[in-house]
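Trainee: Right, I'll just put the structure down here and ask away after.
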Amino acid sequence: VVTPSPTLQLVLDLVGVFVFALSGALVGVRQKLDIFGVIVLSVAAGLGGGLLRDMLLGATPPPALADGRHIAVTVLAGGIAFVLYGPLTGLARSVRVGLGTALRAVDAAGLGVFTVAGTSKALAYGLGPVGALVLGVLTGVGGGVVRDVLAGQVPVVLQRELYAVPALAGAGIVVLAVRADRYGPAVVAGAAVFVFRLVAVVRDWHAPRALS
Amino acid sequence: VVTPSPTLQLVLDLVGVFVFALSGALVGVRQKLDIFGVIVLSVAAGLGGGLLRDMLLGATPPPALADGRHIAVTVLAGGIAFVLYGPLTGLARSVRVGLGTALRAVDAAGLGVFTVAGTSKALAYGLGPVGALVLGVLTGVGGGVVRDVLAGQVPVVLQRELYAVPALAGAGIVVLAVRADRYGPAVVAGAAVFVFRLVAVVRDWHAPRALS
Amino acid sequence: VVTPSPTLQLVLDLVGVFVFALSGALVGVRQKLDIFGVIVLSVAAGLGGGLLRDMLLGATPPPALADGRHIAVTVLAGGIAFVLYGPLTGLARSVRVGLGTALRAVDAAGLGVFTVAGTSKALAYGLGPVGALVLGVLTGVGGGVVRDVLAGQVPVVLQRELYAVPALAGAGIVVLAVRADRYGPAVVAGAAVFVFRLVAVVRDWHAPRALS
């Protein structure tokens with residue numbers, strides 16, 4: 001297996017860190033945390049998925065700690081959300097988008113980016129297709145789970161809406177694309193997760209429950 | 001220290017993964033999660049303890065991700081619980097066993113298997129007896145803790161019933177047996193944890209609380 | 001970078017483990033857990049931060065598992081808290097200190113010790129200053145987060161009081177001191193975190209929230 005370009009990996013990681021950190025900050029501001037609590041949730045949500053992936057792959061110390069850029073990006077996202085919360089919610093309200101939906105859209109972007117980044121890094125470390133799929137989904141889902149558990153909420157991945165499925169689909173595209181030695185489709189895969197998840201939110205798609 | 005046979009290790013792991021995944025799926029179905037939420041809880045409960053053990057030992061990437069069998073087993077367990085939930089609860093009711101008790105019995109089987117697997121792998125990686133004991137208990141307890149925290153419940157290991165003690169006893173048997181270079185007793189140890197825990201559930205054994 | 005003396009590292013670790021284990025035990029006793037639940041929370045709080053640090057650094061198996069002393073210390077702390085809970089709360093009441101404040105003081109000591117230990121170990125493993133700062137805070141904060149999440153409480157680091165800031169300040173002192181090749185200031189840094197955090201508790205210092 002050819003490894004993806006380090007630059008692509010880094011850019012993917014930084015974008016994913018930024019949007020997940022933003023989602024953590026929004027949850028924190030909604031829960032009336034102070035500026036430091038907001039930044040703690042930003043860091044946890046922004047770095048959680050990637051750190052879990054790197055611990056599982058044995059890629060330690062993780063790049064997100066070894067260089068300062070990832071951390072700077074999470075703090076930046078936390079600060080932006082803290083300062084611009086008032087104007088942004090006003091803007092969202094004026095276009096009739098609820099804060100919950102805005103939060104889900106930001107989270108969906110992180111889900112797309114991190115699923116792709118996690119899957120491709122897992123393949124580069126020699127995991128088989130099934131393992132890479134699961135680690136990709138874990139990477140995509142991890143930051144949101146950490147964010148929600150810390151904030152005392154039911155993790156979004158367990159709520160009754162399609163969340164893991166878009167991630168799984170995106171991870172599948174990456175596995176197939178990398179097997180064919182092509183990395184361009186990774187970007188498509190990330191976008192596909194994002195759009196799939198967004199449509200699921202807007203259309204309120206559900207999956208069946210067990211008969212009891 | 002002699003390492004346990006890889007086949008024994010694999011079979012132990014797969015059985016443990018299956019029963020813990022089943023326990024995760026049952027919690028998910030009870031909480032009215034949809035099919036994907038159920039499978040997420042299956043994977044988390046089935047793989048949680050083993051992944052934590054492997055990260056702590058530096059056994060990365062963990063076998064549970066490197067080959068597809070562990071993952072297939074968790075998805076299978078989730079699917080079985082989802083499809084057979086109705087018939088199974090009917091069956092349990094007809095023999096007057098509450099769902100809570102059935103869930104605890106499944107969980108007890110996982111506790112036994114994973115405690116033994118965790119303790120023996122820790123010894124094989126060179127941990128001393130005390131460290132192996134603790135890592136064994138952590139492995140046995142880990143999947144259930146992840147399952148309960150994600151589902152927003154108090155982890156079973158903190159509830160006022162004997163849970164960590166059977167695991168500790170089983171881990172102790174493994175440590176003694178391995179020091180004597182004998183691996184047969186590991187199976188006995190696993191069974192002992194299971195029976196000890198089951199009796200504690202049925203008899204409702206408690207430990208003392210602090211005087212206040 | 002010069003590595004800190006192994007003895008200093010060990011003593012720091014053991015003291016931090018003891019006080020965090022004590023904080024875990026106090027939470028457990030307050031929540032009316034039985035003796036085994038109390039010890040589980042002691043172990044989780046006492047070892048949580050250090051194990052997370054060591055997994056992230058790839059320092060596996062972690063010293064806290066490889067030798068039995070760390071574990072013995074957590075169990076000791078749990079036993080002490082369990083047995084002496086009644087007399088100690090009586091004593092605290094007689095000097096008009098609430099149990100919540102006593103718990104925060106114990107936790108503050110652990111925060112100071114672990115932040116310093118985490119930051120200096122991160123530097124010894126080659127992390128840059130920003131990464132070492134974050135890993136130091138994570139180490140200091142980790143045990144308390146594990147304790148609170150398991151006990152079903154909002155983690156103290158997210159509550160609206162200064163908690164991460166004293167840790168960040170202490171980690172900053174360590175980074176500057178180590179860059180200057182001096183390890184004496186590490187002790188000062190730990191004490192500074194403890195005092196800063198205690199004053200924040202007693203004076204009830206808050207940070208601002210976002211405007212909404």
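A note on labels: chains of the structure tokens are A, B, ... as shown, every chain counts residues from 1, and ligands are counted from 1 in their shown order.
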Find the residues around C:Ala210 up to 7 Å (only C-alpha atoms counted), leave out those fewer than 4 positions away in its own chain, and share them as a PyMOL selection string.

Mentor: chain A and resi 29+82-83+85

Trainee: Would you mind exporting the chosen residues as a short mmCIF file (atom, residue, chain, number, x, y, z; two decimals), in the first residue's frame, restricted to N, CA and C atoms?

Mentor:
data_model
loop_
_atom_site.label_atom_id
_atom_site.label_comp_id
_atom_site.auth_asym_id
_atom_site.auth_seq_id
_atom_site.Cartn_x
_atom_site.Cartn_y
_atom_site.Cartn_z
N VAL A 29 -20.51 26.58 24.94
CA VAL A 29 -21.17 27.87 25.10
C VAL A 29 -22.65 27.67 25.42
N PHE A 82 -16.40 31.50 21.10
CA PHE A 82 -16.72 32.25 22.32
C PHE A 82 -17.07 33.70 21.99
N VAL A 83 -16.24 34.31 21.15
CA VAL A 83 -16.41 35.74 20.86
C VAL A 83 -17.60 35.97 19.93
N TYR A 85 -20.25 34.04 19.34
CA TYR A 85 -21.46 33.25 19.59
C TYR A 85 -22.73 34.08 19.39
#

Trainee: Excluding B:Gly28 and any residue of its chain fewer than 6 positions from it, enumerate the residues within 7 Å of it, using only C-alpha atoms, and give them as a compact mmCIF listing (two decimals) with N, CA and C atoms, in the first residue's frame.

Mentor:
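The resulting file, around_11.txt, is reproduced below:
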# COMPACT_ATOMS: atom_id res chain seq x y z
N GLY B 37 -27.24 2.29 16.12
CA GLY B 37 -26.85 2.57 17.50
C GLY B 37 -26.58 1.29 18.25
N VAL B 38 -27.40 0.27 18.00
CA VAL B 38 -27.20 -1.04 18.65
C VAL B 38 -25.84 -1.62 18.27
N LEU B 41 -22.97 0.20 19.99
CA LEU B 41 -22.78 -0.26 21.37
C LEU B 41 -22.19 -1.67 21.41

Trainee: Taking only C-alpha atoms into account, what are the residues of chain C at most 10 Å from chain A, put as a VMD selection string?

Mentor: chain C and resid 52 to 59 122 125 to 135 138 145 to 146 148 to 149 152 to 165 206 to 212

Trainee: If DSSP is run on the backbone, what residues of stretch 18-178 of chain B are helix (DSSP H, G or I)? A reply as a PyMOL selection string would be ideal.

Mentor: chain B and resi 18-30+35-57+63-66+69-94+99-124+129-150+156-158+164-178

Trainee: Where does chain A end up after superposition onto chain C over all in-order Cα pairs? Give it as a short mmCIF file (atom, residue, chain, number, x, y, z; two decimals) with C-alpha atoms, in the first residue's frame.

Mentor:
data_model
loop_
_atom_site.label_atom_id
_atom_site.label_comp_id
_atom_site.auth_asym_id
_atom_site.auth_seq_id
_atom_site.Cartn_x
_atom_site.Cartn_y
_atom_site.Cartn_z
CA VAL A 1 16.82 18.24 26.77
CA VAL A 2 18.10 16.62 29.97
CA THR A 3 15.74 14.06 31.49
CA PRO A 4 14.59 14.67 35.06
CA SER A 5 15.96 12.30 37.68
CA PRO A 6 14.08 8.99 37.73
CA THR A 7 13.73 9.23 41.49
CA LEU A 8 12.07 12.67 41.31
CA GLN A 9 9.74 11.33 38.60
CA LEU A 10 8.82 8.31 40.76
CA VAL A 11 8.23 10.28 43.94
CA LEU A 12 6.13 12.87 42.09
CA ASP A 13 4.09 10.09 40.50
CA LEU A 14 3.48 8.25 43.76
CA VAL A 15 2.41 11.38 45.64
CA GLY A 16 0.09 12.36 42.79
CA VAL A 17 -1.36 8.86 42.62
CA PHE A 18 -2.02 8.89 46.37
CA VAL A 19 -3.87 12.21 46.52
CA PHE A 20 -5.92 11.58 43.37
CA ALA A 21 -6.80 8.09 44.63
CA LEU A 22 -7.91 9.74 47.87
CA SER A 23 -10.12 12.15 45.91
CA GLY A 24 -11.65 9.20 44.01
CA ALA A 25 -12.31 7.36 47.25
CA LEU A 26 -14.01 10.41 48.79
CA VAL A 27 -16.31 10.74 45.77
CA GLY A 28 -17.08 7.03 46.05
CA VAL A 29 -17.88 7.18 49.76
CA ARG A 30 -20.10 10.23 49.23
CA GLN A 31 -21.99 8.32 46.54
CA LYS A 32 -22.58 5.47 49.02
CA LEU A 33 -20.55 2.97 46.99
CA ASP A 34 -19.44 -0.19 48.78
CA ILE A 35 -15.78 -0.86 49.62
CA PHE A 36 -15.01 -2.33 46.18
CA GLY A 37 -16.67 0.50 44.28
CA VAL A 38 -14.65 2.93 46.41
CA ILE A 39 -11.43 1.14 45.52
CA VAL A 40 -12.36 1.03 41.82
CA LEU A 41 -12.80 4.82 41.88
CA SER A 42 -9.51 5.18 43.81
CA VAL A 43 -7.63 3.20 41.18
CA ALA A 44 -9.35 5.02 38.29
CA ALA A 45 -8.69 8.48 39.72
CA GLY A 46 -5.19 7.64 40.94
CA LEU A 47 -3.92 5.99 37.76
CA GLY A 48 -6.14 7.60 35.07
CA GLY A 49 -4.06 10.68 34.29
CA GLY A 50 -0.72 8.88 34.27
CA LEU A 51 -1.94 5.97 32.13
CA LEU A 52 -3.42 8.37 29.57
CA ARG A 53 -0.10 10.27 29.46
CA ASP A 54 1.91 7.08 29.03
CA MET A 55 -0.38 5.72 26.28
CA LEU A 56 -0.06 9.01 24.40
CA LEU A 57 3.73 9.05 24.78
CA GLY A 58 4.04 5.38 23.83
CA ALA A 59 5.68 4.72 27.22
CA THR A 60 4.16 1.24 27.43
CA PRO A 61 3.66 -0.79 29.50
CA PRO A 62 3.29 2.20 31.85
CA PRO A 63 5.46 2.19 35.00
CA ALA A 64 2.26 2.41 37.05
CA LEU A 65 1.41 -1.13 35.87
CA ALA A 66 4.92 -2.50 35.49
CA ASP A 67 5.71 -2.17 39.17
CA GLY A 68 3.27 -2.80 41.99
CA ARG A 69 3.93 0.34 44.04
CA HIS A 70 1.54 2.70 42.26
CA ILE A 71 -1.27 0.19 42.57
CA ALA A 72 -0.53 -0.47 46.24
CA VAL A 73 -0.71 3.28 46.89
CA THR A 74 -4.16 3.61 45.27
CA VAL A 75 -5.56 0.69 47.27
CA LEU A 76 -4.04 2.14 50.43
CA ALA A 77 -5.66 5.53 49.77
CA GLY A 78 -9.02 3.86 49.11
CA GLY A 79 -8.79 1.87 52.34
CA ILE A 80 -7.82 4.92 54.40
CA ALA A 81 -10.69 6.98 53.04
CA PHE A 82 -13.14 4.14 53.63
CA VAL A 83 -12.11 3.51 57.23
CA LEU A 84 -11.52 7.11 58.30
CA TYR A 85 -14.44 8.74 56.48
CA GLY A 86 -16.55 9.21 59.61
CA PRO A 87 -13.80 10.71 61.84
CA LEU A 88 -12.46 12.85 59.00
CA THR A 89 -15.79 14.44 58.12
CA GLY A 90 -16.33 15.09 61.82
CA LEU A 91 -12.93 16.80 62.00
CA ALA A 92 -13.65 18.83 58.86
CA ARG A 93 -17.01 19.91 60.26
CA SER A 94 -15.43 20.95 63.57
CA VAL A 95 -13.12 23.37 61.75
CA ARG A 96 -16.06 24.47 59.57
CA VAL A 97 -14.68 23.09 56.30
CA GLY A 98 -17.31 21.53 54.03
CA LEU A 99 -16.60 18.11 52.54
CA GLY A 100 -16.73 19.63 49.06
CA THR A 101 -13.92 22.02 49.96
CA ALA A 102 -11.83 19.26 51.54
CA LEU A 103 -12.28 17.17 48.40
CA ARG A 104 -11.23 20.11 46.23
CA ALA A 105 -8.09 20.66 48.33
CA VAL A 106 -7.03 17.02 47.93
CA ASP A 107 -7.78 17.21 44.21
CA ALA A 108 -5.75 20.44 43.93
CA ALA A 109 -2.69 18.69 45.34
CA GLY A 110 -3.02 15.95 42.73
CA LEU A 111 -3.51 18.53 40.00
CA GLY A 112 -0.24 20.24 40.95
CA VAL A 113 1.83 17.08 41.17
CA PHE A 114 0.51 15.43 38.02
CA THR A 115 0.69 18.54 35.87
CA VAL A 116 4.36 18.90 36.71
CA ALA A 117 5.05 15.17 36.26
CA GLY A 118 3.21 15.09 32.93
CA THR A 119 4.88 18.18 31.53
CA SER A 120 8.38 17.09 32.47
CA LYS A 121 7.89 13.54 31.13
CA ALA A 122 6.49 14.97 27.87
CA LEU A 123 9.59 17.15 27.48
CA ALA A 124 11.81 14.17 28.23
CA TYR A 125 10.06 12.28 25.40
CA GLY A 126 10.87 15.06 22.99
CA LEU A 127 7.57 16.93 22.71
CA GLY A 128 7.81 20.64 21.89
CA PRO A 129 6.79 23.27 24.47
CA VAL A 130 3.16 23.58 23.31
CA GLY A 131 2.61 19.83 23.16
CA ALA A 132 4.26 19.37 26.56
CA LEU A 133 2.00 22.06 28.01
CA VAL A 134 -1.13 20.35 26.73
CA LEU A 135 -0.01 16.86 27.75
CA GLY A 136 0.91 18.22 31.19
CA VAL A 137 -2.55 19.70 31.66
CA LEU A 138 -4.12 16.47 30.31
CA THR A 139 -2.13 14.44 32.84
CA GLY A 140 -3.14 16.75 35.67
CA VAL A 141 -6.78 16.85 34.67
CA GLY A 142 -7.16 13.24 33.45
CA GLY A 143 -7.62 11.38 36.72
CA GLY A 144 -10.31 13.78 37.90
CA VAL A 145 -12.16 13.53 34.58
CA VAL A 146 -12.17 9.73 34.69
CA ARG A 147 -13.34 9.84 38.32
CA ASP A 148 -16.17 12.28 37.61
CA VAL A 149 -17.37 10.61 34.38
CA LEU A 150 -17.49 7.19 36.07
CA ALA A 151 -19.37 8.70 39.01
CA GLY A 152 -21.86 10.32 36.62
CA GLN A 153 -20.88 13.90 37.50
CA VAL A 154 -19.92 16.90 35.37
CA PRO A 155 -16.09 16.83 35.29
CA VAL A 156 -14.65 19.46 37.63
CA VAL A 157 -12.57 20.86 34.75
CA LEU A 158 -15.79 21.97 33.02
CA GLN A 159 -17.35 23.52 36.08
CA ARG A 160 -17.41 27.27 36.28
CA GLU A 161 -14.35 27.76 38.46
CA LEU A 162 -10.66 28.13 37.70
CA TYR A 163 -9.22 24.65 37.29
CA ALA A 164 -7.38 24.30 33.99
CA VAL A 165 -5.74 27.70 34.41
CA PRO A 166 -3.62 26.86 37.47
CA ALA A 167 -2.52 23.67 35.68
CA LEU A 168 -1.61 25.64 32.57
CA ALA A 169 0.41 28.12 34.64
CA GLY A 170 2.29 25.31 36.37
CA ALA A 171 3.01 23.52 33.09
CA GLY A 172 4.35 26.80 31.72
CA ILE A 173 6.77 27.18 34.62
CA VAL A 174 8.05 23.65 34.04
CA VAL A 175 8.57 24.26 30.31
CA LEU A 176 10.55 27.43 31.01
CA ALA A 177 12.56 25.84 33.82
CA VAL A 178 13.50 22.75 31.82
CA ARG A 179 14.52 24.87 28.84
CA ALA A 180 16.93 26.50 31.27
CA ASP A 181 18.13 23.01 32.33
CA ARG A 182 16.94 23.50 35.90
CA TYR A 183 14.72 20.99 37.65
CA GLY A 184 14.41 22.59 41.08
CA PRO A 185 11.63 24.92 39.85
CA ALA A 186 9.43 21.89 39.08
CA VAL A 187 8.68 21.57 42.78
CA VAL A 188 7.85 25.26 42.93
CA ALA A 189 5.59 24.84 39.90
CA GLY A 190 3.67 22.01 41.55
CA ALA A 191 3.21 24.04 44.71
CA ALA A 192 2.11 27.04 42.62
CA VAL A 193 -0.63 25.03 40.91
CA PHE A 194 -1.85 23.76 44.27
CA VAL A 195 -1.94 27.21 45.91
CA PHE A 196 -3.42 28.94 42.83
CA ARG A 197 -6.17 26.34 42.61
CA LEU A 198 -6.88 26.46 46.35
CA VAL A 199 -7.18 30.24 46.34
CA ALA A 200 -9.50 29.99 43.32
CA VAL A 201 -11.71 27.59 45.31
CA VAL A 202 -11.72 29.66 48.51
CA ARG A 203 -12.19 33.02 46.77
CA ASP A 204 -14.66 31.48 44.31
CA TRP A 205 -12.88 32.95 41.28
CA HIS A 206 -14.76 32.70 37.99
CA ALA A 207 -13.95 33.29 34.35
CA PRO A 208 -16.29 35.09 31.96
CA ARG A 209 -18.99 33.37 29.90
CA ALA A 210 -19.96 34.18 26.34
CA LEU A 211 -22.53 36.87 25.63
CA SER A 212 -25.67 35.38 24.14
#
